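J.: Okay, here's the structure, questions in a sec.
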Amino acid sequence: MKILVCVKQVPDTNEVKIDPVKGTLIRDGVPSILNPDDANALEAALQLKDKNPDVKVAVLTMGPPQATYMLRECLAMGADEAYLLSDRAFGGADTCATSTTIAAGINKVEGVDVIFAGRQAIDGDTAQVGPQVAQRLGFPVVTYVQDIQMGDGKVRVHRQMEDGYEVIEVNTPACSPA
């Protein structure tokens with residue numbers, strides 16, 4: 001079984017500066033990190049890998065060439081494969097363009113059974129890309145996942161609700177923005 005984790009390199013929010021004229025984030029000189037929610041998704045995938053030697057974990061990102069440093073970090077954490085989608089044409093992409101590009105990239109990766117994605121990126125806070133990727137791929141989406149078990153072509157999750165948990169079972173392939 002192959003889990004693909006969508007990851008994003010984001011500016012370290014401890015050092016954010018805003019351009020007073022444009023009202024946009026100044027990225028120059030700000031260190032980049034693995035988005036914290038994506039790190040959680042990767043950790044969940046790696047825990048499943050630890051429990052089952054048949055599980056392979058791949059990471060995929062869309063970003064500038066320097067995102068390779070983040071992908072190397074993911075490989076060092078235990079991911080088996082890493083993919084970078086990079087082109088100047090992707091700069092400034094909205095969630096629609098981003099999810100279209102990521103879905104096209106995922107279609108090139110063989111054997112993906114489940115996609116994990118962080119809930120949202122700390123630099124955009126839209127929480128739209130994961131569900132949009134799943135929609136473009138025709139995968140079922142399960143959000144707010146707290147626990148996950150996989151096997152026999154199915155994914156069973158405990159999903160956090162306002163007043164408790166809901167247990168959902170979906171067939172693979174599937175997408176789970178945590």
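We name chains A, B, ... following the order of the structure tokens; residues begin at 1 in each chain, and ligands are numbered from 1 as shown.
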Determine, counting only C-alpha atoms, which protein, DNA and RNA residues have an atom within 12 Å of an atom of A:Val112; residues of the same chain fewer than 6 positions away are not included. Present the result as a list in words.
T.: Met1, Lys2, Ile3, Leu4, Val5, Val55, Lys56, Val57, Ala58, Val59, Leu60, Glu81, Ala103, Gly105, Ile106, Leu137, Phe139, Gly153, Thr172, Pro173, Ala174 and Cys175 of chain A
J.: Any chance you could export the current selection's C-alpha atoms as a compact mmCIF listing (two decimals), in the first residue's frame?
T.:
```
# COMPACT_ATOMS: atom_id res chain seq x y z
CA MET A 1 0.00 0.00 0.00
CA LYS A 2 1.31 3.46 -0.86
CA ILE A 3 0.46 6.60 1.11
CA LEU A 4 1.25 9.88 -0.62
CA VAL A 5 1.55 12.90 1.68
CA VAL A 55 3.30 0.46 3.49
CA LYS A 56 5.42 2.87 1.44
CA VAL A 57 5.29 6.61 2.03
CA ALA A 58 5.84 9.20 -0.70
CA VAL A 59 5.81 12.98 -0.30
CA LEU A 60 4.93 15.48 -3.00
CA GLU A 81 10.04 8.73 -2.16
CA ALA A 103 -3.52 16.26 -8.77
CA GLY A 105 1.53 15.25 -10.26
CA ILE A 106 -0.16 12.56 -8.17
CA LEU A 137 -8.81 12.75 -8.55
CA PHE A 139 -11.18 10.18 -4.34
CA GLY A 153 -8.53 -1.99 0.28
CA THR A 172 -9.12 3.14 -1.44
CA PRO A 173 -8.00 5.23 -3.15
CA ALA A 174 -8.94 7.95 -0.67
CA CYS A 175 -7.77 11.37 0.56
```
J.: Leaving out stretch 62-74 of chain A and any residue of its chain fewer than 6 positions from it, which residues lie within 6 Å of it when counting only C-alpha atoms, given as an NGL selection string?
T.: :A and (84-86)
J.: Could you please take those selected residues and save N, CA and C atoms as a compact mmCIF listing (two decimals), in the first residue's frame?
T.:
```
# COMPACT_ATOMS: atom_id res chain seq x y z
N LEU A 84 9.02 16.72 -6.42
CA LEU A 84 8.92 18.18 -6.46
C LEU A 84 8.33 18.61 -7.80
N LEU A 85 7.24 19.36 -7.74
CA LEU A 85 6.65 19.98 -8.93
C LEU A 85 7.09 21.44 -8.88
N SER A 86 7.94 21.84 -9.82
CA SER A 86 8.50 23.18 -9.76
C SER A 86 8.56 23.82 -11.15
```
J.: For A:Pro53, which residue out of A:Asp80, A:Glu162, A:Val7, A:Ala104 is the nearest one, using only C-alpha atoms?
T.: A:Asp80
J.: Which residues in stretch 3-159 of chain A does DSSP call alpha helix (DSSP H)? List them as a ChimeraX atom specification.
T.: /A:36-51,68-77,95-108,129-137
J.: Restricted to C-alpha atoms, what would the selected residues look like written as a short mmCIF file (atom, residue, chain, number, x, y, z; two decimals), in the first residue's frame?
T.:
```cif
data_model
loop_
_atom_site.label_atom_id
_atom_site.label_comp_id
_atom_site.auth_asym_id
_atom_site.auth_seq_id
_atom_site.Cartn_x
_atom_site.Cartn_y
_atom_site.Cartn_z
CA PRO A 36 3.21 21.99 10.74
CA ASP A 37 -0.11 20.39 9.72
CA ASP A 38 1.67 18.60 6.85
CA ALA A 39 4.30 17.38 9.31
CA ASN A 40 1.45 15.87 11.34
CA ALA A 41 0.09 14.15 8.22
CA LEU A 42 3.55 12.79 7.42
CA GLU A 43 3.97 11.54 10.98
CA ALA A 44 0.61 9.71 10.77
CA ALA A 45 1.72 8.05 7.51
CA LEU A 46 5.07 7.08 9.01
CA GLN A 47 3.36 5.54 12.06
CA LEU A 48 1.27 3.36 9.72
CA LYS A 49 4.48 2.42 7.89
CA ASP A 50 6.08 1.41 11.20
CA LYS A 51 3.12 -0.90 11.94
CA THR A 68 14.17 20.12 -2.13
CA TYR A 69 15.61 20.86 1.32
CA MET A 70 12.20 20.26 2.89
CA LEU A 71 11.76 17.08 0.83
CA ARG A 72 15.14 15.83 2.06
CA GLU A 73 13.92 16.46 5.61
CA CYS A 74 10.85 14.32 4.84
CA LEU A 75 13.08 11.54 3.48
CA ALA A 76 15.24 11.76 6.60
CA MET A 77 12.09 11.38 8.72
CA THR A 95 -5.94 26.98 -4.58
CA CYS A 96 -7.64 25.98 -7.85
CA ALA A 97 -4.38 26.08 -9.84
CA THR A 98 -2.44 24.49 -6.98
CA SER A 99 -4.84 21.58 -6.58
CA THR A 100 -4.95 21.04 -10.35
CA THR A 101 -1.14 20.89 -10.51
CA ILE A 102 -0.82 18.63 -7.47
CA ALA A 103 -3.52 16.26 -8.77
CA ALA A 104 -1.70 16.05 -12.12
CA GLY A 105 1.53 15.25 -10.26
CA ILE A 106 -0.16 12.56 -8.17
CA ASN A 107 -1.49 10.97 -11.35
CA LYS A 108 2.14 10.44 -12.43
CA VAL A 129 -6.17 22.32 -1.43
CA GLY A 130 -6.49 18.82 0.12
CA PRO A 131 -10.22 18.47 -0.58
CA GLN A 132 -9.80 20.02 -4.04
CA VAL A 133 -7.05 17.53 -4.91
CA ALA A 134 -9.29 14.65 -3.83
CA GLN A 135 -12.19 16.03 -5.88
CA ARG A 136 -10.00 16.34 -8.98
CA LEU A 137 -8.81 12.75 -8.55
#
```
J.: If you count only C-alpha atoms, which residues fall within 12 Å of A:Thr143, apart from same-chain ones fewer than 3 positions away, as a VMD selection string?
T.: chain A and resid 41 115 to 120 127 to 128 130 to 131 134 140 146 to 148 157 to 161 165 to 168 174 to 178
J.: What gap, in Å, lies between atom CA of A:Phe90 and atom CA of A:Val21?
T.: 24.3 Å
J.: Could you jot down the atom CA of A:Gly124 to atom CA of A:Tyr144 separation for me, Å, one decimal place?
T.: 18.3 Å
J.: Could you write out, as a ChimeraX atom specification, all the residues of stretch 30-162 of chain A that DSSP marks as strand (DSSP E)?
T.: /A:32-34,56-62,81-85,112-117,145-151,154-161
J.: To one decimal in Å, tell me the separation between atom CA of A:Gly78 and atom CA of A:Ala93.
T.: 29.3 Å
J.: From the list A:Gly92, A:Pro11, A:Pro20, A:Gly138, which residue is nearest A:Ile122 when using only C-alpha atoms?
T.: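 Selected residue with least distance to A:Ile122: A:Pro11.
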